[in-house]
>>> print(open('final-v4.txt').read())   # compact mmCIF, C-alpha atoms
# COMPACT_ATOMS: atom_id res chain seq x y z
CA VAL U 1086 9.29 149.12 -198.84
CA THR U 1087 6.94 148.28 -196.02
CA ASN U 1088 7.30 148.73 -192.28
CA GLN U 1089 5.51 145.42 -191.49
CA PRO U 1090 7.77 142.87 -189.78
CA MET U 1091 8.63 139.89 -191.83
CA LEU U 1092 7.04 136.70 -190.43
CA LEU U 1093 9.21 133.63 -190.53
CA PRO U 1094 7.56 130.24 -190.86
CA MET U 1095 7.31 128.30 -187.56
CA PRO U 1096 9.10 124.94 -187.49
CA SER U 1097 6.85 121.93 -187.34
CA ILE U 1098 6.43 119.92 -184.13
CA ASP U 1099 8.29 117.03 -185.73
CA ALA U 1100 11.28 119.28 -186.34
CA LEU U 1101 11.41 120.23 -182.62
CA GLU U 1102 11.68 116.60 -181.49
CA SER U 1103 15.12 115.37 -180.45
CA PRO U 1104 16.84 112.92 -182.72
CA PRO U 1105 16.00 109.31 -181.98
CA ARG U 1106 18.10 107.78 -179.21
CA SER U 1107 19.80 104.47 -179.54
CA ALA U 1108 18.82 101.48 -177.43
CA LEU U 1109 22.22 101.70 -175.72
CA SER U 1110 21.67 105.29 -174.60
CA ARG U 1111 18.20 104.45 -173.25
CA LEU U 1112 19.67 101.51 -171.32
CA SER U 1113 22.43 103.76 -169.95
CA GLU U 1114 19.85 106.26 -168.66
CA ARG U 1115 17.91 103.50 -166.94
CA LEU U 1116 21.04 102.12 -165.30
CA HIS U 1117 22.03 105.59 -164.03
CA ALA U 1118 18.59 105.90 -162.48
CA ILE U 1119 19.17 102.84 -160.29
CA SER U 1120 20.13 103.75 -156.74
CA PRO U 1121 23.03 102.06 -154.91
CA PRO U 1122 20.70 99.90 -152.74
CA GLN U 1123 18.95 98.70 -155.91
CA TRP U 1124 22.34 97.89 -157.44
CA LEU U 1125 23.16 95.73 -154.43
CA LYS U 1126 19.84 93.91 -154.71
CA LEU U 1127 20.45 93.22 -158.39
CA MET U 1128 23.97 91.99 -157.61
CA ALA U 1129 22.61 89.72 -154.89
CA LEU U 1130 19.98 88.31 -157.27
CA ALA U 1131 22.55 87.66 -160.00
CA ALA U 1132 24.94 86.06 -157.50
CA GLY U 1133 22.12 83.92 -156.16
CA LEU U 1134 21.25 82.60 -159.61
CA ALA U 1135 24.91 81.86 -160.36
CA THR U 1136 25.23 80.09 -157.02
CA LEU U 1137 22.20 77.93 -157.78
CA GLY U 1138 23.83 76.81 -161.00
CA HIS U 1139 27.11 76.10 -159.23
CA ALA U 1140 25.34 74.13 -156.51
CA LEU U 1141 23.52 71.92 -159.01
CA THR U 1142 26.69 71.11 -160.90
CA SER U 1143 28.49 70.24 -157.64
CA ILE U 1144 26.33 67.13 -157.35
CA ALA U 1145 28.47 65.55 -160.07
CA LEU U 1146 31.75 66.08 -158.19
CA PRO U 1147 33.70 62.90 -157.37
CA PHE U 1148 35.15 61.69 -154.09
CA GLY U 1149 38.68 62.20 -152.87
CA TRP U 1150 40.43 59.45 -150.94
CA ASP U 1151 39.23 60.80 -147.57
CA HIS U 1152 35.64 60.55 -148.78
CA GLY U 1153 36.21 56.99 -149.93
CA ILE U 1154 37.76 55.95 -146.61
CA MET U 1155 34.97 57.50 -144.54
CA ALA U 1156 32.20 56.16 -146.78
CA SER U 1157 33.74 52.69 -146.59
CA ALA U 1158 34.08 52.85 -142.81
CA ALA U 1159 30.49 54.10 -142.50
CA SER U 1160 28.99 51.44 -144.76
CA PRO U 1161 28.64 48.80 -142.00
CA ILE U 1162 26.46 51.24 -140.02
CA ALA U 1163 23.91 51.23 -142.86
CA HIS U 1164 23.75 47.43 -142.53
CA GLY U 1165 23.49 47.21 -138.75
CA GLY U 1166 27.20 47.16 -137.93
CA LEU U 1167 29.56 49.57 -136.20
CA VAL U 1168 32.44 51.77 -137.23
CA TYR U 1169 35.71 50.82 -135.44
CA VAL U 1170 34.41 47.23 -135.27
CA ASP U 1171 33.22 46.36 -138.80
CA GLY U 1172 34.94 49.29 -140.53
CA TRP U 1173 38.11 51.15 -139.53
CA ASP U 1174 38.88 54.85 -139.39
CA MET U 1175 39.84 57.20 -136.59
CA LYS U 1176 37.50 60.21 -136.71
CA GLY U 1177 34.68 60.57 -134.21
CA PRO U 1178 31.55 58.44 -134.67
CA PHE U 1179 29.33 61.33 -135.78
CA ALA U 1180 31.60 61.89 -138.80
CA TYR U 1181 30.33 58.63 -140.33
CA LEU U 1182 26.60 58.91 -139.67
CA PRO U 1183 25.96 61.23 -142.67
CA PHE U 1184 27.70 58.77 -145.02
CA ALA U 1185 25.71 55.86 -143.57
CA PHE U 1186 22.47 57.86 -143.82
CA VAL U 1187 23.14 58.65 -147.48
CA GLU U 1188 23.85 54.98 -148.26
CA MET U 1189 20.56 54.00 -146.63
CA LEU U 1190 18.69 56.55 -148.77
CA PHE U 1191 20.46 56.40 -152.13
CA GLY U 1192 22.70 53.34 -152.04
CA ARG U 1193 26.46 53.45 -152.49
CA THR U 1194 26.64 56.64 -154.53
CA MET U 1195 28.83 59.73 -154.51
CA TRP U 1196 26.07 62.08 -155.61
CA GLY U 1197 23.95 61.23 -152.56
CA THR U 1198 26.68 62.58 -150.29
CA ARG U 1199 26.87 65.71 -152.44
CA ILE U 1200 23.12 66.24 -152.07
CA LEU U 1201 23.37 65.97 -148.28
CA ASP U 1202 26.31 68.37 -148.39
CA LEU U 1203 24.18 70.90 -150.27
CA VAL U 1204 21.32 70.55 -147.79
CA LEU U 1205 23.66 71.28 -144.88
CA MET U 1206 25.31 74.13 -146.80
CA VAL U 1207 21.91 75.73 -147.46
CA ALA U 1208 20.96 75.41 -143.78
CA GLY U 1209 24.26 76.93 -142.67
CA CYS U 1210 24.19 79.78 -145.19
CA LEU U 1211 20.57 80.57 -144.34
CA ALA U 1212 21.39 80.76 -140.62
CA PHE U 1213 24.43 82.88 -141.45
CA TYR U 1214 22.28 85.21 -143.59
CA ARG U 1215 19.83 85.73 -140.73
CA LEU U 1216 22.63 86.57 -138.29
CA VAL U 1217 24.34 89.05 -140.63
CA ALA U 1218 20.96 90.55 -141.56
CA VAL U 1219 20.27 91.31 -137.89
CA LEU U 1220 23.69 92.94 -137.41
CA SER U 1221 24.24 94.62 -140.81
CA GLY U 1222 21.10 94.51 -142.95
CA LYS U 1223 19.42 92.06 -145.31
CA VAL U 1224 21.39 92.85 -148.46
CA THR U 1225 24.69 92.43 -146.62
CA GLY U 1226 23.31 89.20 -145.19
CA VAL U 1227 22.58 87.80 -148.65
CA LEU U 1228 26.02 88.71 -149.99
CA ALA U 1229 27.76 87.35 -146.87
CA ALA U 1230 25.88 84.05 -147.10
CA LEU U 1231 26.85 83.70 -150.76
CA ALA U 1232 30.45 84.55 -149.90
CA LEU U 1233 30.44 81.83 -147.23
CA TYR U 1234 29.17 79.31 -149.77
CA TYR U 1235 31.83 80.17 -152.35
CA TRP U 1236 34.61 80.37 -149.78
CA ILE U 1237 33.86 76.82 -148.69
CA ALA U 1238 33.23 75.62 -152.26
CA ALA U 1239 36.63 77.01 -153.28
CA GLY U 1240 38.13 73.94 -151.64
CA GLY U 1241 37.05 71.96 -154.70
CA PHE U 1242 35.85 68.37 -154.74
CA PHE U 1243 38.49 67.18 -152.26
CA PHE U 1244 37.71 69.62 -149.41
CA THR U 1245 33.91 69.67 -149.61
CA ALA U 1246 31.27 67.13 -148.51
CA GLU U 1247 33.31 66.05 -145.49
CA PRO U 1248 32.98 66.33 -141.69
CA GLU U 1249 34.98 69.56 -141.27
CA ILE U 1250 32.69 71.26 -143.80
CA TRP U 1251 29.62 70.03 -141.99
CA ALA U 1252 31.04 71.20 -138.66
CA THR U 1253 31.65 74.62 -140.27
CA VAL U 1254 28.08 75.15 -141.47
CA LEU U 1255 26.57 73.55 -138.36
CA THR U 1256 28.33 76.11 -136.16
CA ALA U 1257 26.51 78.81 -138.15
CA VAL U 1258 23.22 76.98 -137.51
CA ALA U 1259 24.10 76.65 -133.82
CA PHE U 1260 25.39 80.14 -133.06
CA GLY U 1261 23.37 82.24 -135.52
CA PRO U 1262 20.15 82.29 -133.45
CA VAL U 1263 22.07 82.65 -130.17
CA LEU U 1264 24.07 85.67 -131.37
CA ALA U 1265 21.06 87.26 -133.07
CA ARG U 1266 19.34 87.28 -129.66
CA ALA U 1267 22.44 87.74 -127.54
CA ASP U 1268 20.83 90.30 -125.25
CA THR U 1269 17.91 87.97 -124.43
CA PRO U 1270 19.15 84.37 -124.77
CA ASP U 1271 16.32 81.87 -125.05
CA ILE U 1272 16.20 78.24 -124.04
CA ARG U 1273 15.38 76.80 -127.47
CA GLY U 1274 18.33 78.52 -129.14
CA LEU U 1275 20.71 77.36 -126.42
CA MET U 1276 19.37 73.80 -126.61
CA LEU U 1277 19.98 73.75 -130.37
CA ALA U 1278 23.48 75.16 -129.88
CA GLY U 1279 24.23 72.58 -127.20
CA VAL U 1280 23.08 69.61 -129.28
CA ILE U 1281 25.10 70.77 -132.29
CA VAL U 1282 28.24 71.36 -130.20
CA GLY U 1283 27.82 67.86 -128.79
CA CYS U 1284 27.45 66.39 -132.29
CA ILE U 1285 30.44 68.14 -133.84
CA GLY U 1286 32.46 67.24 -130.76
CA LEU U 1287 31.68 63.64 -131.71
CA MET U 1288 33.40 64.38 -135.02
CA LYS U 1289 36.50 65.76 -133.33
CA PRO U 1290 36.71 66.20 -129.54
CA VAL U 1291 38.56 69.52 -130.02
CA TYR U 1292 35.32 70.98 -131.40
CA TRP U 1293 33.74 70.84 -127.95
CA SER U 1294 35.71 74.01 -127.28
CA PHE U 1295 33.16 75.82 -129.48
CA GLY U 1296 30.76 75.67 -126.54
CA ILE U 1297 32.52 78.78 -125.22
CA THR U 1298 30.48 80.91 -127.65
CA PRO U 1299 27.01 80.32 -126.16
CA LEU U 1300 28.55 80.21 -122.67
CA LEU U 1301 29.85 83.74 -123.14
CA VAL U 1302 26.41 84.88 -124.25
CA ILE U 1303 24.93 83.43 -121.06
CA ALA U 1304 27.64 84.98 -118.90
CA LEU U 1305 27.53 88.47 -120.44
CA ALA U 1306 23.84 88.96 -121.27
CA VAL U 1307 22.52 92.03 -119.47
CA GLY U 1308 19.76 91.81 -116.88
CA LEU U 1309 19.90 88.09 -116.09
CA SER U 1310 19.98 86.93 -112.50
CA LEU U 1311 22.68 84.53 -111.34
CA GLN U 1312 20.05 81.81 -110.98
CA ARG U 1313 18.85 82.35 -114.55
CA ARG U 1314 22.40 82.19 -115.88
CA ALA U 1315 23.01 78.95 -113.99
CA ILE U 1316 19.82 77.39 -115.39
CA LEU U 1317 20.70 78.38 -118.96
CA ALA U 1318 24.26 77.05 -118.56
CA ILE U 1319 22.95 73.74 -117.21
CA ILE U 1320 20.50 73.45 -120.13
CA LEU U 1321 23.33 74.14 -122.57
CA GLY U 1322 25.57 71.55 -120.92
CA LEU U 1323 22.87 68.87 -120.79
CA SER U 1324 22.00 69.51 -124.45
CA ALA U 1325 25.66 69.05 -125.42
CA ALA U 1326 25.92 65.90 -123.31
CA LEU U 1327 22.81 64.30 -124.82
CA PRO U 1328 24.33 63.16 -128.17
CA VAL U 1329 27.46 62.01 -126.33
CA ALA U 1330 25.43 59.88 -123.91
CA LEU U 1331 23.35 58.41 -126.75
CA THR U 1332 26.49 57.52 -128.71
CA ILE U 1333 28.14 55.83 -125.72
CA ALA U 1334 24.93 53.88 -125.03
CA TRP U 1335 24.67 52.83 -128.70
CA PHE U 1336 28.22 51.46 -128.79
CA ALA U 1337 27.83 49.82 -125.38
CA LEU U 1338 24.60 48.04 -126.38
CA LYS U 1339 26.20 46.77 -129.60
CA GLY U 1340 29.38 45.68 -127.84
CA GLY U 1341 31.70 48.15 -129.55
CA LEU U 1342 32.51 50.64 -126.78
CA ALA U 1343 35.98 49.23 -126.11
CA GLU U 1344 36.86 49.45 -129.82
CA MET U 1345 35.62 53.06 -130.00
CA ILE U 1346 37.83 54.01 -127.05
CA GLU U 1347 40.80 52.14 -128.47
CA VAL U 1348 40.61 53.51 -132.01
CA HIS U 1349 39.06 56.96 -131.71
CA LEU U 1350 40.64 58.05 -128.42
CA LEU U 1351 43.76 56.02 -127.64
CA TYR U 1352 45.04 55.67 -131.20
CA ASN U 1353 44.65 59.39 -131.85
CA LEU U 1354 46.37 60.30 -128.58
CA GLU U 1355 49.22 57.83 -128.80
CA SER U 1356 49.89 57.51 -132.54
CA TYR U 1357 48.20 59.86 -134.98
CA GLY U 1358 48.20 62.86 -132.68
CA ALA U 1359 51.93 62.48 -132.10
CA MET U 1360 52.71 62.16 -135.81
CA GLU U 1361 54.66 65.21 -136.97
CA THR U 1362 54.00 66.82 -140.34
CA GLY U 1363 57.10 69.02 -140.32
CA ILE U 1364 54.93 72.15 -140.11
CA THR U 1365 55.44 74.35 -137.06
CA TRP U 1366 52.60 76.43 -135.70
CA ILE U 1367 54.37 79.56 -136.97
CA ASP U 1368 54.54 78.11 -140.49
CA GLY U 1369 50.92 77.01 -140.26
CA PHE U 1370 49.67 80.45 -139.27
CA ALA U 1371 51.90 82.18 -141.82
CA ASP U 1372 50.51 79.96 -144.57
CA PHE U 1373 46.93 80.78 -143.53
CA LEU U 1374 47.55 84.53 -143.28
CA SER U 1375 49.26 84.58 -146.68
CA ARG U 1376 46.17 83.32 -148.49
CA PRO U 1377 44.87 86.16 -150.70
CA THR U 1378 41.32 85.79 -149.39
CA ILE U 1379 42.46 86.16 -145.80
CA ALA U 1380 44.77 89.07 -146.63
CA LEU U 1381 41.85 90.89 -148.27
CA LEU U 1382 39.35 90.04 -145.55
CA LEU U 1383 41.38 90.90 -142.46
CA PRO U 1384 41.18 94.72 -142.74
CA PHE U 1385 37.39 94.50 -143.08
CA ALA U 1386 37.23 92.00 -140.20
CA ALA U 1387 39.31 94.36 -138.06
CA LEU U 1388 36.93 97.21 -138.76
CA GLY U 1389 33.99 94.90 -138.06
CA ALA U 1390 35.46 93.98 -134.68
CA TRP U 1391 36.03 97.68 -133.97
CA ASN U 1392 32.46 98.53 -134.87
CA LEU U 1393 31.02 95.57 -132.93
CA ARG U 1394 32.37 96.94 -129.66
CA GLY U 1395 29.04 98.69 -129.25
CA LYS U 1396 27.46 95.25 -128.81
CA PRO U 1397 29.75 93.78 -126.13
CA VAL U 1398 27.85 90.51 -125.72
CA VAL U 1399 28.06 89.73 -129.45
CA PHE U 1400 31.64 91.03 -129.64
CA TRP U 1401 33.00 88.75 -126.92
CA ALA U 1402 30.96 85.77 -128.10
CA VAL U 1403 32.43 86.13 -131.62
CA MET U 1404 35.90 86.53 -130.14
CA GLY U 1405 35.27 83.31 -128.22
CA TRP U 1406 34.16 81.63 -131.44
CA ILE U 1407 37.43 82.63 -133.12
CA ALA U 1408 39.52 81.67 -130.06
CA ALA U 1409 37.88 78.21 -129.92
CA ASN U 1410 38.81 77.65 -133.55
CA LEU U 1411 42.40 78.64 -132.94
CA VAL U 1412 42.61 76.34 -129.92
CA ALA U 1413 41.24 73.45 -132.00
CA ILE U 1414 43.72 74.13 -134.82
CA ILE U 1415 46.70 74.33 -132.47
CA MET U 1416 45.65 71.18 -130.58
CA GLN U 1417 45.46 69.22 -133.83
CA ALA U 1418 48.96 70.52 -134.68
CA LYS U 1419 48.69 69.54 -138.35
CA PHE U 1420 47.54 72.88 -139.89
CA TYR U 1421 45.94 71.17 -142.87
CA TYR U 1422 43.79 73.25 -145.21
CA TYR U 1423 40.50 71.87 -143.93
CA HIS U 1424 41.44 72.43 -140.28
CA TRP U 1425 40.95 76.16 -140.87
CA LEU U 1426 37.47 75.84 -142.38
CA PRO U 1427 35.42 76.31 -139.17
CA LEU U 1428 37.17 79.67 -138.72
CA TYR U 1429 35.51 81.04 -141.86
CA PRO U 1430 32.04 82.00 -140.47
CA PRO U 1431 33.20 84.24 -137.58
CA LEU U 1432 35.85 85.93 -139.74
CA LEU U 1433 33.37 86.51 -142.54
CA LEU U 1434 30.81 87.81 -140.05
CA LEU U 1435 33.27 90.46 -138.88
CA GLY U 1436 34.25 91.21 -142.48
CA ALA U 1437 30.61 91.76 -143.47
CA ILE U 1438 30.09 94.14 -140.55
CA GLY U 1439 33.28 96.02 -141.47
CA ALA U 1440 32.33 96.32 -145.14
CA THR U 1441 28.90 97.63 -144.16
CA THR U 1442 30.52 100.17 -141.83
CA LEU U 1443 32.65 101.51 -144.69
CA TRP U 1444 29.66 101.55 -147.01
CA ARG U 1445 27.61 103.62 -144.60
CA GLU U 1446 30.59 105.82 -143.67
CA ARG U 1447 30.02 105.49 -139.96
CA ALA U 1448 33.46 104.42 -138.87
CA ALA U 1449 34.65 105.64 -135.50
CA ALA U 1450 37.32 108.30 -135.34
CA HIS U 1451 40.22 105.91 -134.73
CA ALA U 1452 38.93 103.08 -136.92
CA PRO U 1453 40.76 104.16 -140.11
CA ALA U 1454 44.14 103.97 -138.32
CA PHE U 1455 43.17 100.61 -136.84
CA VAL U 1456 42.29 99.25 -140.29
CA THR U 1457 45.47 100.70 -141.80
CA ILE U 1458 47.63 98.89 -139.24
CA THR U 1459 45.78 95.62 -139.85
CA ALA U 1460 46.03 96.02 -143.61
CA THR U 1461 49.78 96.63 -143.29
CA LEU U 1462 50.22 93.47 -141.22
CA ALA U 1463 48.15 91.52 -143.76
CA PHE U 1464 50.31 92.92 -146.57
CA PHE U 1465 53.54 91.76 -144.94
CA ALA U 1466 51.98 88.37 -144.20
CA GLN U 1467 51.11 88.10 -147.87
>>> encode(input="final-v4.txt", output="structure tokens")
Amino acid sequence: VTNQPMLLPMPSIDALESPPRSALSRLSERLHAISPPQWLKLMALAAGLATLGHALTSIALPFGWDHGIMASAASPIAHGGLVYVDGWDMKGPFAYLPFAFVEMLFGRTMWGTRILDLVLMVAGCLAFYRLVAVLSGKVTGVLAALALYYWIAAGGFFFTAEPEIWATVLTAVAFGPVLARADTPDIRGLMLAGVIVGCIGLMKPVYWSFGITPLLVIALAVGLSLQRRAILAIILGLSAALPVALTIAWFALKGGLAEMIEVHLLYNLESYGAMETGITWIDGFADFLSRPTIALLLPFAALGAWNLRGKPVVFWAVMGWIAANLVAIIMQAKFYYYHWLPLYPPLLLLGAIGATTLWRERAAAHAPAFVTITATLAFFAQ
């Protein structure tokens, strides 16, 4: 027997190594290492690629009967004629110019109109992204712009590529730069907003009410003298009047002004405007509020409005944007699906701000109760 300690053999280095991991476990570790902001960026990238695919396939969508009527009424314009004189429909003259422009470029095709629709959608979503990015961050801006695209595209072939859609995205182009610089309104942004308001008012006169949005920015911007406000308001008004004056001059020179007044104004006031659909304004609003998308969005929009109170100029301008939409809807008194479309951008803007507020956990003390009340009302509407 010996007193020497017994030496045990040391395990080899290979024996100390952990067992080989599966590819799934390695992928899981990498995914867990991704931070929430990176997750959002990956989601935005994936959504962007899916949206690109959806947009390309939309070029093959057909026309509905409204498209066919408007394209037919616009066709004489492409050949030197006039709507209301050589073609008959009752919308405003600017509603037909895109169809005539497409026929001049691509001939009498449906896909040409879809391409123009995509171009305007991209412009509107890009302007909407920039506005949301200023107010809530770039990632939120990307997701909000994609949501705007899909919300409009959800109307399917029948409720896309038509004047109300173009008015919807053009309001984002018009008001995005103005609201992004609401504290220091600039002349170029107001001129653009004025021209666009004038153009969409030539689609439907009720859309001229949208001019309240840039007017509120001019009225409430801090640090402007009364003289400066007056100058900016005059520039806005003249910019809005420019497309109207050009349109009147165009019809007058071509001898069609009387027909434009008779069909677009008098017929709408005396006949179509008075035609009842059997839908009361209460039924119309109840139908809109009961849509699942609206019911889900309203609590976030309420929180967004609550949070936006810290930017009073933007807050009241957005409220004016929403109010102008509601006035236009009530004045039309038909409550059709597409009449609500121009309301989407301001609601989604507030919803994006509200979602970002929840994400960052910076809600004001009373905001949770405010959102709860709104969510309850949305639930009962649903």
>>> closest_atom_pairs(input="final-v4.txt", of="segment 1215-1276 of chain U", to="segment 1410-1417 of chain U", cutoff="12 Å", atoms="only C-alpha atoms", output="JSON lines")
{"residue": "U:Glu1249", "atom": "CA", "partner": "U:Ile1414", "partner_atom": "CA", "distance": 11.8}
{"residue": "U:Ala1252", "atom": "CA", "partner": "U:Asn1410", "partner_atom": "CA", "distance": 11.3}
{"residue": "U:Thr1253", "atom": "CA", "partner": "U:Asn1410", "partner_atom": "CA", "distance": 10.3}
{"residue": "U:Thr1256", "atom": "CA", "partner": "U:Asn1410", "partner_atom": "CA", "distance": 10.9}
>>> write_last_selection(input="final-v4.txt", atoms="C-alpha atoms", output="PDB file, keeping the file's coordinate frame")
ATOM      1  CA  GLU U1249      34.980  69.560-141.270  1.00  0.00           C
ATOM      2  CA  ALA U1252      31.040  71.200-138.660  1.00  0.00           C
ATOM      3  CA  THR U1253      31.650  74.620-140.270  1.00  0.00           C
ATOM      4  CA  THR U1256      28.330  76.110-136.160  1.00  0.00           C
TER       5      THR U1256
END
>>> atom_distance(input="final-v4.txt", atom1="atom CA of Gly1241 of chain U", atom2="atom CA of Leu1141 of chain U")
14.2 Å
>>> residues_around(input="final-v4.txt", residues="segment 1332-1335 of chain U", least_positions_apart="4", cutoff="9 Å", atoms="only C-alpha atoms", output="count of residues only")
9
>>> residues_around(input="final-v4.txt", residues="segment 1148-1165 of chain U", least_positions_apart="4", cutoff="7 Å", atoms="all atoms listed in the file", output="list in words")
Asp1171, Gly1172, Trp1173, Asp1174, Tyr1181, Leu1182, Phe1184, Ala1185, Phe1186, Glu1188, Met1189, Met1195, Phe1242, Phe1243 and Glu1247 of chain U
>>> atom_distance(input="final-v4.txt", atom1="atom CA of Arg1313 of chain U", atom2="atom CA of Phe1295 of chain U")
21.7 Å
>>> residues_near_point(input="final-v4.txt", point="(33.0, 92.8, -139.3)", cutoff="9 Å", atoms="only C-alpha atoms", output="PDB file with C-alpha atoms, in the frame of the given file")
ATOM      1  CA  PHE U1385      37.390  94.500-143.080  1.00  0.00           C
ATOM      2  CA  ALA U1386      37.230  92.000-140.200  1.00  0.00           C
ATOM      3  CA  ALA U1387      39.310  94.360-138.060  1.00  0.00           C
ATOM      4  CA  LEU U1388      36.930  97.210-138.760  1.00  0.00           C
ATOM      5  CA  GLY U1389      33.990  94.900-138.060  1.00  0.00           C
ATOM      6  CA  ALA U1390      35.460  93.980-134.680  1.00  0.00           C
ATOM      7  CA  TRP U1391      36.030  97.680-133.970  1.00  0.00           C
ATOM      8  CA  ASN U1392      32.460  98.530-134.870  1.00  0.00           C
ATOM      9  CA  LEU U1393      31.020  95.570-132.930  1.00  0.00           C
ATOM     10  CA  PRO U1431      33.200  84.240-137.580  1.00  0.00           C
ATOM     11  CA  LEU U1432      35.850  85.930-139.740  1.00  0.00           C
ATOM     12  CA  LEU U1433      33.370  86.510-142.540  1.00  0.00           C
ATOM     13  CA  LEU U1434      30.810  87.810-140.050  1.00  0.00           C
ATOM     14  CA  LEU U1435      33.270  90.460-138.880  1.00  0.00           C
ATOM     15  CA  GLY U1436      34.250  91.210-142.480  1.00  0.00           C
ATOM     16  CA  ALA U1437      30.610  91.760-143.470  1.00  0.00           C
ATOM     17  CA  ILE U1438      30.090  94.140-140.550  1.00  0.00           C
ATOM     18  CA  GLY U1439      33.280  96.020-141.470  1.00  0.00           C
ATOM     19  CA  ALA U1440      32.330  96.320-145.140  1.00  0.00           C
ATOM     20  CA  THR U1441      28.900  97.630-144.160  1.00  0.00           C
ATOM     21  CA  THR U1442      30.520 100.170-141.830  1.00  0.00           C
TER      22      THR U1442
END
>>> atom_distance(input="final-v4.txt", atom1="atom CA of Ser1310 of chain U", atom2="atom CA of Ile1407 of chain U")
27.4 Å
>>> closest_residue(input="final-v4.txt", among="U:Ala1208, U:Val1398, U:Val1329, U:Leu1275", to="Ile1316 of chain U", atoms="all atoms listed in the file")
U:Leu1275
>>> residues_near_point(input="final-v4.txt", point="(31.3, 67.7, -159.1)", cutoff="12 Å", atoms="only C-alpha atoms", output="list in words")
Gly1138, His1139, Ala1140, Leu1141, Thr1142, Ser1143, Ile1144, Ala1145, Leu1146, Pro1147, Phe1148, Gly1149, Met1195, Trp1196, Gly1197, Thr1198, Arg1199, Ile1200, Asp1202, Leu1203, Ala1238, Gly1240, Gly1241, Phe1242, Phe1243, Phe1244, Thr1245 and Ala1246 of chain U
>>> write_last_selection(input="final-v4.txt", atoms="C-alpha atoms", output="JSON list (two decimals), in the frame of the given file")
[["chain", "number", "residue", "atom", "x", "y", "z"],
["U", 1138, "GLY", "CA", 23.83, 76.81, -161.00],
["U", 1139, "HIS", "CA", 27.11, 76.10, -159.23],
["U", 1140, "ALA", "CA", 25.34, 74.13, -156.51],
["U", 1141, "LEU", "CA", 23.52, 71.92, -159.01],
["U", 1142, "THR", "CA", 26.69, 71.11, -160.90],
["U", 1143, "SER", "CA", 28.49, 70.24, -157.64],
["U", 1144, "ILE", "CA", 26.33, 67.13, -157.35],
["U", 1145, "ALA", "CA", 28.47, 65.55, -160.07],
["U", 1146, "LEU", "CA", 31.75, 66.08, -158.19],
["U", 1147, "PRO", "CA", 33.70, 62.90, -157.37],
["U", 1148, "PHE", "CA", 35.15, 61.69, -154.09],
["U", 1149, "GLY", "CA", 38.68, 62.20, -152.87],
["U", 1195, "MET", "CA", 28.83, 59.73, -154.51],
["U", 1196, "TRP", "CA", 26.07, 62.08, -155.61],
["U", 1197, "GLY", "CA", 23.95, 61.23, -152.56],
["U", 1198, "THR", "CA", 26.68, 62.58, -150.29],
["U", 1199, "ARG", "CA", 26.87, 65.71, -152.44],
["U", 1200, "ILE", "CA", 23.12, 66.24, -152.07],
["U", 1202, "ASP", "CA", 26.31, 68.37, -148.39],
["U", 1203, "LEU", "CA", 24.18, 70.90, -150.27],
["U", 1238, "ALA", "CA", 33.23, 75.62, -152.26],
["U", 1240, "GLY", "CA", 38.13, 73.94, -151.64],
["U", 1241, "GLY", "CA", 37.05, 71.96, -154.70],
["U", 1242, "PHE", "CA", 35.85, 68.37, -154.74],
["U", 1243, "PHE", "CA", 38.49, 67.18, -152.26],
["U", 1244, "PHE", "CA", 37.71, 69.62, -149.41],
["U", 1245, "THR", "CA", 33.91, 69.67, -149.61],
["U", 1246, "ALA", "CA", 31.27, 67.13, -148.51]]
>>> residues_around(input="final-v4.txt", residues="Ala1265 of chain U", least_positions_apart="6", cutoff="8 Å", atoms="all atoms listed in the file", output="PyMOL selection string")
chain U and resi 1215-1216+1219-1220
>>> residues_around(input="final-v4.txt", residues="Tyr1357 of chain U", least_positions_apart="3", cutoff="12 Å", atoms="all atoms listed in the file", output="ChimeraX atom specification")
/U:1174-1176,1348-1354,1360-1362,1417-1419
